[in-house]
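Listing of start.pdb; format and content: PDB, C-alpha atoms.
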```pdb
ATOM      1  CA  MET A  12       3.107  10.317 -11.512
ATOM      2  CA  ILE A  13       6.649  10.609 -10.211
ATOM      3  CA  GLU A  14       9.766   8.964 -11.603
ATOM      4  CA  ALA A  15      10.301   5.573 -10.006
ATOM      5  CA  ARG A  16      13.432   4.607  -8.142
ATOM      6  CA  TYR A  17      15.412   1.410  -8.668
ATOM      7  CA  TYR A  18      15.467   1.013 -12.432
ATOM      8  CA  GLU A  19      17.881   1.159 -15.362
ATOM      9  CA  LYS A  20      17.332   2.600 -18.819
ATOM     10  CA  LEU A  21      17.896   0.248 -21.754
ATOM     11  CA  GLU A  22      18.117   0.669 -25.504
ATOM     12  CA  GLY A  23      14.954   1.183 -27.503
ATOM     13  CA  SER A  24      13.218   3.131 -24.704
ATOM     14  CA  LYS A  25      12.972  -0.032 -22.571
ATOM     15  CA  VAL A  26      13.633  -0.024 -18.830
ATOM     16  CA  HIS A  27      14.749  -2.686 -16.367
ATOM     17  CA  CYS A  28      12.937  -2.416 -13.023
ATOM     18  CA  ARG A  29      15.154  -3.410 -10.092
ATOM     19  CA  LEU A  30      12.623  -3.006  -7.285
ATOM     20  CA  CYS A  31      11.655  -6.667  -6.853
ATOM     21  CA  PRO A  32      13.004 -10.072  -7.925
ATOM     22  CA  THR A  33      10.597 -10.195 -10.878
ATOM     23  CA  GLU A  34      13.121  -7.846 -12.549
ATOM     24  CA  CYS A  35      10.685  -6.689 -15.244
ATOM     25  CA  VAL A  36      12.056  -5.444 -18.560
ATOM     26  CA  ILE A  37       9.325  -3.043 -19.630
ATOM     27  CA  SER A  38       8.724  -1.710 -23.130
ATOM     28  CA  ASP A  39       7.675   1.867 -23.808
ATOM     29  CA  GLY A  40       4.000   2.314 -22.916
ATOM     30  CA  ALA A  41       3.805  -0.890 -20.865
ATOM     31  CA  ARG A  42       3.573  -1.612 -17.139
ATOM     32  CA  GLY A  43       5.489  -4.031 -14.941
ATOM     33  CA  ALA A  44       4.003  -7.163 -13.399
ATOM     34  CA  CYS A  45       2.799  -5.102 -10.410
ATOM     35  CA  ARG A  46       0.710  -2.939 -12.782
ATOM     36  CA  ALA A  47       1.760   0.142 -10.819
ATOM     37  CA  ARG A  48       4.945   1.167 -12.653
ATOM     38  CA  LEU A  49       4.675   2.574 -16.176
ATOM     39  CA  ASN A  50       7.374   3.048 -18.804
ATOM     40  CA  LYS A  51       6.704   6.323 -20.583
ATOM     41  CA  SER A  52       9.239   7.242 -23.288
ATOM     42  CA  GLY A  53      12.033   5.347 -21.539
ATOM     43  CA  ILE A  54      11.366   6.717 -18.049
ATOM     44  CA  LEU A  55       9.803   4.490 -15.390
ATOM     45  CA  TYR A  56       7.067   6.146 -13.362
ATOM     46  CA  SER A  57       5.191   5.155 -10.217
ATOM     47  CA  GLU A  58       1.491   5.599 -10.974
ATOM     48  CA  ILE A  59       0.455   5.174  -7.334
ATOM     49  CA  TYR A  60       2.577   7.753  -5.530
ATOM     50  CA  GLY A  61       0.300   9.608  -3.111
ATOM     51  CA  LYS A  62      -2.740   7.545  -4.054
ATOM     52  CA  ILE A  63      -4.678   5.412  -1.546
ATOM     53  CA  THR A  64      -7.587   3.029  -1.932
ATOM     54  CA  SER A  65      -8.130   2.360   1.765
ATOM     55  CA  ALA A  66      -7.516   3.931   5.170
ATOM     56  CA  ALA A  67      -8.677   2.693   8.583
ATOM     57  CA  LEU A  68      -7.765   2.616  12.251
ATOM     58  CA  ASP A  69      -7.174  -1.075  12.984
ATOM     59  CA  PRO A  70      -6.188  -3.091  16.038
ATOM     60  CA  VAL A  71      -2.523  -3.914  15.527
ATOM     61  CA  GLU A  72      -3.468  -7.581  16.032
ATOM     62  CA  LYS A  73      -5.318  -7.413  12.706
ATOM     63  CA  LYS A  74      -2.058  -6.949  10.764
ATOM     64  CA  PRO A  75      -1.468  -9.542  12.333
ATOM     65  CA  LEU A  76       1.089  -8.453  14.943
ATOM     66  CA  TYR A  77       0.610  -9.954  18.413
ATOM     67  CA  HIS A  78       3.965  -9.080  20.001
ATOM     68  CA  TYR A  79       4.251  -5.443  18.943
ATOM     69  CA  HIS A  80       2.264  -2.728  20.752
ATOM     70  CA  PRO A  81      -0.416  -5.267  21.775
ATOM     71  CA  GLY A  82      -3.810  -3.787  22.541
ATOM     72  CA  GLU A  83      -3.122  -0.618  20.556
ATOM     73  CA  HIS A  84      -4.509   0.668  17.252
ATOM     74  CA  ILE A  85      -2.598   1.656  14.139
ATOM     75  CA  TYR A  86      -3.555   3.899  11.239
ATOM     76  CA  SER A  87      -3.541   1.626   8.181
ATOM     77  CA  ILE A  88      -3.322   2.682   4.544
ATOM     78  CA  GLY A  89      -3.044   0.897   1.208
ATOM     79  CA  THR A  90      -3.066   1.561  -2.503
ATOM     80  CA  LYS A  91      -3.548  -0.781  -5.492
ATOM     81  CA  GLY A  92      -1.448  -3.369  -7.299
ATOM     82  CA  CYS A  93       0.796  -6.257  -6.293
ATOM     83  CA  ASN A  94       3.880  -7.989  -7.673
ATOM     84  CA  PHE A  95       2.311 -11.365  -6.850
ATOM     85  CA  HIS A  96      -0.808 -12.782  -8.487
ATOM     86  CA  CYS A  97      -1.939 -15.342  -5.923
ATOM     87  CA  ASP A  98      -4.923 -17.353  -7.120
ATOM     88  CA  PHE A  99      -6.493 -17.048  -3.642
ATOM     89  CA  CYS A 100      -5.857 -13.295  -3.191
ATOM     90  CA  GLN A 101      -8.000 -12.068  -0.304
ATOM     91  CA  ASN A 102      -7.697  -8.390  -1.327
ATOM     92  CA  TRP A 103      -7.964  -8.926  -5.071
ATOM     93  CA  SER A 104     -10.330  -5.966  -5.575
ATOM     94  CA  ILE A 105      -7.431  -3.574  -4.962
ATOM     95  CA  ALA A 106      -4.347  -5.787  -5.318
ATOM     96  CA  GLN A 107      -5.291  -7.225  -8.713
ATOM     97  CA  ASN A 108      -7.522  -4.445 -10.075
ATOM     98  CA  LEU A 109      -5.840  -1.686 -12.075
ATOM     99  CA  ASN A 110      -9.092   0.298 -12.021
ATOM    100  CA  ALA A 111      -9.571   0.328  -8.250
ATOM    101  CA  PRO A 112     -10.597   3.880  -7.262
ATOM    102  CA  THR A 113      -8.051   5.978  -5.366
ATOM    103  CA  ARG A 114      -7.829   9.382  -3.770
ATOM    104  CA  ASP A 115      -4.837  11.686  -3.623
ATOM    105  CA  VAL A 116      -3.002  12.234  -0.339
ATOM    106  CA  THR A 117       0.327  13.566   0.907
ATOM    107  CA  SER A 118       2.740  12.073   3.404
ATOM    108  CA  GLU A 119       2.057  14.989   5.731
ATOM    109  CA  GLU A 120      -1.689  14.328   5.599
ATOM    110  CA  MET A 121      -1.199  10.662   6.478
ATOM    111  CA  ILE A 122       0.986  11.561   9.457
ATOM    112  CA  ALA A 123      -1.555  14.138  10.646
ATOM    113  CA  SER A 124      -4.391  11.605  10.294
ATOM    114  CA  ALA A 125      -2.474   9.003  12.297
ATOM    115  CA  LYS A 126      -1.856  11.469  15.107
ATOM    116  CA  GLU A 127      -5.414  12.800  15.101
ATOM    117  CA  CYS A 128      -6.879   9.330  15.676
ATOM    118  CA  GLY A 129      -4.418   8.485  18.449
ATOM    119  CA  SER A 130      -2.456   5.873  16.538
ATOM    120  CA  PHE A 131       1.076   4.956  17.568
ATOM    121  CA  GLY A 132       2.078   4.722  13.911
ATOM    122  CA  ILE A 133       1.248   3.948  10.298
ATOM    123  CA  ALA A 134       0.820   0.494   8.749
ATOM    124  CA  TYR A 135       1.314   0.132   5.001
ATOM    125  CA  THR A 136      -0.988  -2.758   4.224
ATOM    126  CA  TYR A 137      -4.044  -4.071   2.314
ATOM    127  CA  ASN A 138      -2.035  -4.436  -0.917
ATOM    128  CA  GLU A 139       1.729  -4.925  -1.393
ATOM    129  CA  PRO A 140       3.565  -1.930   0.124
ATOM    130  CA  PHE A 141       6.896  -2.568  -1.568
ATOM    131  CA  ILE A 142       5.485  -1.706  -5.015
ATOM    132  CA  TRP A 143       4.521   1.632  -3.356
ATOM    133  CA  HIS A 144       8.128   2.030  -2.249
ATOM    134  CA  GLU A 145       8.611   5.673  -3.205
ATOM    135  CA  PHE A 146       5.613   6.910  -1.217
ATOM    136  CA  VAL A 147       6.101   4.478   1.672
ATOM    137  CA  PHE A 148       9.776   5.457   2.008
ATOM    138  CA  ASP A 149       9.055   9.193   1.987
ATOM    139  CA  THR A 150       6.159   8.830   4.428
ATOM    140  CA  ALA A 151       7.962   6.435   6.772
ATOM    141  CA  LYS A 152      10.980   8.733   6.989
ATOM    142  CA  LEU A 153       8.810  11.714   7.964
ATOM    143  CA  ALA A 154       6.655   9.598  10.282
ATOM    144  CA  LYS A 155       9.640   8.331  12.253
ATOM    145  CA  LYS A 156      10.998  11.866  12.542
ATOM    146  CA  SER A 157       7.640  12.944  13.991
ATOM    147  CA  GLY A 158       7.625  10.156  16.581
ATOM    148  CA  LEU A 159       5.433   7.578  14.830
ATOM    149  CA  GLU A 160       6.218   3.910  14.234
ATOM    150  CA  ASN A 161       6.060   2.315  10.771
ATOM    151  CA  VAL A 162       4.776  -1.187   9.985
ATOM    152  CA  LEU A 163       4.931  -3.119   6.714
ATOM    153  CA  VAL A 164       2.481  -5.938   5.968
ATOM    154  CA  THR A 165       4.131  -7.540   2.974
ATOM    155  CA  ASN A 166       4.713 -10.587   0.810
ATOM    156  CA  GLY A 167       8.447 -10.002   1.259
ATOM    157  CA  TYR A 168       9.143  -9.986  -2.463
ATOM    158  CA  VAL A 169      11.608  -7.129  -2.828
ATOM    159  CA  ASN A 170      15.256  -6.817  -3.778
ATOM    160  CA  ILE A 171      17.773  -6.347  -0.980
ATOM    161  CA  LYS A 172      18.864  -2.782  -1.888
ATOM    162  CA  PRO A 173      15.337  -1.254  -1.697
ATOM    163  CA  LEU A 174      14.729  -3.310   1.455
ATOM    164  CA  GLU A 175      17.861  -2.083   3.196
ATOM    165  CA  ASP A 176      17.130   1.515   2.221
ATOM    166  CA  ILE A 177      13.774   1.485   4.027
ATOM    167  CA  LEU A 178      14.564  -0.769   7.009
ATOM    168  CA  PRO A 179      16.025   2.027   9.206
ATOM    169  CA  TYR A 180      12.538   3.570   9.340
ATOM    170  CA  ILE A 181      10.562   0.371   9.980
ATOM    171  CA  GLY A 182       9.633  -0.836  13.465
ATOM    172  CA  ALA A 183       7.879  -4.072  12.550
ATOM    173  CA  MET A 184       6.917  -6.266   9.637
ATOM    174  CA  ASN A 185       4.457  -9.049   9.115
ATOM    175  CA  ILE A 186       5.769 -11.082   6.193
ATOM    176  CA  ASP A 187       3.738 -13.696   4.353
ATOM    177  CA  LEU A 188       5.529 -17.013   4.092
ATOM    178  CA  LYS A 189       2.928 -18.404   1.733
ATOM    179  CA  ALA A 190       4.308 -21.939   1.623
ATOM    180  CA  PHE A 191       7.601 -23.734   2.009
ATOM    181  CA  SER A 192       7.647 -24.935  -1.577
ATOM    182  CA  ASP A 193       9.199 -23.182  -4.555
ATOM    183  CA  GLU A 194       6.679 -24.960  -6.792
ATOM    184  CA  PHE A 195       3.811 -23.365  -4.829
ATOM    185  CA  TYR A 196       5.377 -19.917  -5.162
ATOM    186  CA  MET A 197       5.942 -20.266  -8.900
ATOM    187  CA  LYS A 198       2.577 -21.838  -9.749
ATOM    188  CA  ILE A 199       0.221 -20.057  -7.342
ATOM    189  CA  CYS A 200       1.907 -16.700  -6.665
ATOM    190  CA  GLY A 201       4.310 -15.963  -9.505
ATOM    191  CA  GLY A 202       7.447 -15.706  -7.359
ATOM    192  CA  ARG A 203      10.307 -17.663  -5.817
ATOM    193  CA  LEU A 204      10.571 -18.947  -2.254
ATOM    194  CA  ASN A 205      14.306 -18.306  -1.766
ATOM    195  CA  LYS A 206      13.891 -14.567  -2.406
ATOM    196  CA  VAL A 207      11.292 -14.286   0.356
ATOM    197  CA  LEU A 208      13.487 -16.248   2.765
ATOM    198  CA  GLU A 209      16.345 -13.803   2.134
ATOM    199  CA  VAL A 210      14.072 -10.878   3.005
ATOM    200  CA  ILE A 211      12.844 -12.567   6.187
ATOM    201  CA  LYS A 212      16.396 -13.182   7.397
ATOM    202  CA  ARG A 213      17.591  -9.678   6.576
ATOM    203  CA  SER A 214      14.532  -7.938   8.049
ATOM    204  CA  SER A 215      14.693  -9.899  11.289
ATOM    205  CA  ARG A 216      18.109  -8.375  11.974
ATOM    206  CA  SER A 217      16.697  -4.841  11.825
ATOM    207  CA  CYS A 218      13.129  -4.856  13.152
ATOM    208  CA  HIS A 219      10.441  -6.930  14.823
ATOM    209  CA  VAL A 220       9.181  -9.656  12.450
ATOM    210  CA  GLU A 221       6.129 -11.892  12.602
ATOM    211  CA  LEU A 222       5.204 -14.367   9.867
ATOM    212  CA  THR A 223       1.903 -15.507   8.363
ATOM    213  CA  THR A 224       1.159 -18.697   6.426
ATOM    214  CA  LEU A 225      -2.261 -19.104   4.817
ATOM    215  CA  ILE A 226      -3.059 -22.820   4.797
ATOM    216  CA  VAL A 227      -4.772 -23.913   1.560
ATOM    217  CA  PRO A 228      -6.272 -27.437   1.502
ATOM    218  CA  GLY A 229      -4.247 -29.849  -0.596
ATOM    219  CA  LEU A 230      -1.617 -27.268  -1.562
ATOM    220  CA  ASN A 231       0.451 -26.416   1.510
ATOM    221  CA  ASP A 232      -1.285 -28.205   4.390
ATOM    222  CA  SER A 233       0.964 -31.233   4.911
ATOM    223  CA  GLU A 234       2.686 -31.866   8.214
ATOM    224  CA  GLU A 235       5.950 -32.474   6.365
ATOM    225  CA  GLU A 236       5.929 -29.042   4.737
ATOM    226  CA  MET A 237       5.046 -27.284   7.985
ATOM    227  CA  MET A 238       7.836 -29.165   9.748
ATOM    228  CA  LYS A 239      10.356 -27.906   7.177
ATOM    229  CA  GLU A 240       9.009 -24.366   7.441
ATOM    230  CA  VAL A 241       9.173 -24.063  11.214
ATOM    231  CA  GLU A 242      12.609 -25.700  11.404
ATOM    232  CA  TRP A 243      13.860 -23.093   8.922
ATOM    233  CA  ILE A 244      12.277 -20.290  10.978
ATOM    234  CA  LYS A 245      13.803 -21.605  14.215
ATOM    235  CA  ASN A 246      17.271 -21.976  12.715
ATOM    236  CA  ASN A 247      17.350 -18.730  10.716
ATOM    237  CA  VAL A 248      15.136 -16.263  12.591
ATOM    238  CA  GLY A 249      14.602 -17.785  16.029
ATOM    239  CA  ALA A 250      12.182 -19.998  17.920
ATOM    240  CA  ALA A 251      10.526 -16.926  19.483
ATOM    241  CA  THR A 252       9.370 -15.642  16.072
ATOM    242  CA  PRO A 253       5.549 -15.504  16.112
ATOM    243  CA  LEU A 254       3.870 -17.511  13.346
ATOM    244  CA  HIS A 255       0.260 -16.887  12.352
ATOM    245  CA  ILE A 256      -1.423 -19.845  10.672
ATOM    246  CA  SER A 257      -4.334 -18.383   8.757
ATOM    247  CA  ARG A 258      -7.472 -20.026   7.406
ATOM    248  CA  TYR A 259      -8.089 -19.889   3.662
ATOM    249  CA  PHE A 260     -11.536 -19.061   2.246
ATOM    250  CA  PRO A 261     -12.498 -19.269  -1.459
ATOM    251  CA  CYS A 262     -11.621 -15.998  -3.170
ATOM    252  CA  TYR A 263     -10.549 -14.509  -6.504
ATOM    253  CA  LYS A 264      -9.656 -17.437  -8.810
ATOM    254  CA  MET A 265      -9.644 -20.265  -6.263
ATOM    255  CA  ASN A 266     -12.785 -22.218  -5.377
ATOM    256  CA  LEU A 267     -11.401 -24.868  -3.053
ATOM    257  CA  PRO A 268     -13.480 -25.288   0.133
ATOM    258  CA  PRO A 269     -12.371 -23.406   3.278
ATOM    259  CA  THR A 270      -9.566 -24.960   5.290
ATOM    260  CA  PRO A 271     -11.016 -27.366   7.893
ATOM    261  CA  MET A 272     -10.385 -26.404  11.508
ATOM    262  CA  GLU A 273      -8.875 -29.801  12.199
ATOM    263  CA  THR A 274      -6.252 -29.142   9.506
ATOM    264  CA  LEU A 275      -5.288 -25.839  11.113
ATOM    265  CA  GLU A 276      -5.066 -27.429  14.547
ATOM    266  CA  ARG A 277      -2.950 -30.264  13.168
ATOM    267  CA  VAL A 278      -0.365 -28.021  11.498
ATOM    268  CA  ARG A 279      -0.319 -25.770  14.570
ATOM    269  CA  ARG A 280       0.628 -28.754  16.736
ATOM    270  CA  VAL A 281       3.483 -29.490  14.341
ATOM    271  CA  ALA A 282       4.625 -25.859  14.406
ATOM    272  CA  LEU A 283       4.655 -25.774  18.215
ATOM    273  CA  ASN A 284       7.325 -28.465  18.216
ATOM    274  CA  SER A 285       9.787 -25.846  16.940
ATOM    275  CA  LEU A 286       8.301 -22.409  17.709
ATOM    276  CA  LYS A 287       7.118 -20.835  20.966
ATOM    277  CA  TYR A 288       4.315 -18.675  19.569
ATOM    278  CA  VAL A 289       1.906 -20.086  16.984
ATOM    279  CA  TYR A 290      -1.530 -18.532  16.480
ATOM    280  CA  LEU A 291      -4.567 -19.391  14.392
ATOM    281  CA  GLY A 292      -6.176 -16.643  12.323
ATOM    282  CA  ASN A 293      -9.335 -16.208  10.230
ATOM    283  CA  VAL A 294     -11.140 -18.752  12.442
TER     284      VAL A 294
END
```
Step by step, read the file and then write its structure as structure tokens.
Amino acid sequence: MIEARYYEKLEGSKVHCRLCPTECVISDGARGACRARLNKSGILYSEIYGKITSAALDPVEKKPLYHYHPGEHIYSIGTKGCNFHCDFCQNWSIAQNLNAPTRDVTSEEMIASAKECGSFGIAYTYNEPFIWHEFVFDTAKLAKKSGLENVLVTNGYVNIKPLEDILPYIGAMNIDLKAFSDEFYMKICGGRLNKVLEVIKRSSRSCHVELTTLIVPGLNDSEEEMMKEVEWIKNNVGAATPLHISRYFPCYKMNLPPTPMETLERVRRVALNSLKYVYLGNV
């Protein structure tokens, strides 16, 4: 373990984590909502520094990024834990499982692996990379210095200071915009919509950004909600921002049937009224 960044010490050996908008106040011996940051005797530690659950060479389109190094492959790594707890989590076996097996790595090893397999960069993905901030920051800084690009595939739930600290080293981000309803975020994910929108706006000023919305039947599949979402994207990020509309499948705690193709096609037609590039995924 290494000492975490972005926290304050409080009385009674408690700590206040400032990494993400959840703003956990953590008692001695307890973990934050992400389950990856441990308070030990009044010091907050990252338990996942230099630990990975998954590594693969993926097409960059799988991130999904369609307008960034198209046709190329990127070395992709992830660890465990997440600061969201989405009922439909597609990667729950690592994102929601504290006991997911890991192996130890160094930043230098990840950079060497990326270069050995011919990748143009490193993608921090599979789980939520911002809760891995210490390792991602250190690796991204070295990777950029060595000529590699860095990509974040994220839920966008991070405070502005940690975001701005890492943005100079990031070439592209795919950010989940899970719905355009604060109620959805609070009930289904355990977060707040406005915090994600802030991150999208700020990130789009520094790097290439593409967005993904997973359409869940009966929860965020209305034409009205999609209309509000794409109008916000057009007005705050730009009409040329690629949007990936992704198909939901039953997973983790959610047993709703898969999203019908006609639903995806319908919301895509709505999105194309405001955005130039709208793609269907998981179909």
Problem set entry | Residues selected by the PyMOL selection byres ((chain A and resi 122) around 9), written as a ChimeraX atom specification | /A:117-121,123-127,132-133,150,153-154,157,159
For this session: Might you pull out every residue within 9 Å of Asn161 of chain A, with only C-alpha atoms counted and same-chain residues fewer than 4 positions away left off, and present them as number ranges by chain?
Result: A: 131-135, 151-152, 154-155, 180-184
For this session: Could you give me, as a ChimeraX atom specification, the residues that sit within 12 Å of (20.3, -3.5, -0.1) in the file's coordinates, counting all atoms listed in the file?
Result: /A:17,29-31,169-179,209-210,213-214
Exercise. Smallest atom-to-atom distance to Gly229 of chain A: which of A:Ala190, A:Ala251, A:Ala66, A:Cys262, using all atoms listed in the file?
Worked result: A:Ala190
Exercise. Out of A:Cys218, A:Tyr168, A:Ser257, A:Tyr86, which residue has the shortest atom-to-atom distance to Glu34 of chain A when counting all atoms listed in the file?
Worked result: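 Under the stated criterion, the closest residue is A:Tyr168.
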Exercise. So what does the PyMOL selection byres ((chain A and resi 108) around 12) actually pick up in this one, as an NGL selection string?
Worked result: :A and (45-47 or 64 or 90-93 or 96 or 100 or 102-107 or 109-113 or 138 or 263)
Exercise. Quick one: distance from atom CA of Asn205 of chain A to atom CA of Thr274 of chain A in Å, one decimal?
Worked result: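 Between atom CA of Asn205 of chain A and atom CA of Thr274 of chain A the gap works out to 25.8 Å.
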For this session: For each of A:Glu139, A:Asp149, A:Glu14, A:Glu221, take the minimum atom-to-atom distance to His255 of chain A, counting only C-alpha atoms, then give the residue where this is smallest.
Result: A:Glu221
For this session: One decimal, Å: what's the distance from atom CA of Met265 of chain A over to atom CA of Ile244 of chain A, could you say?
Result: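 A separation of 27.9 Å between them.
A straight line drawn from atom CA of Pro253 of chain A to atom CA of Asp232 of chain A is 18.6 Å long.
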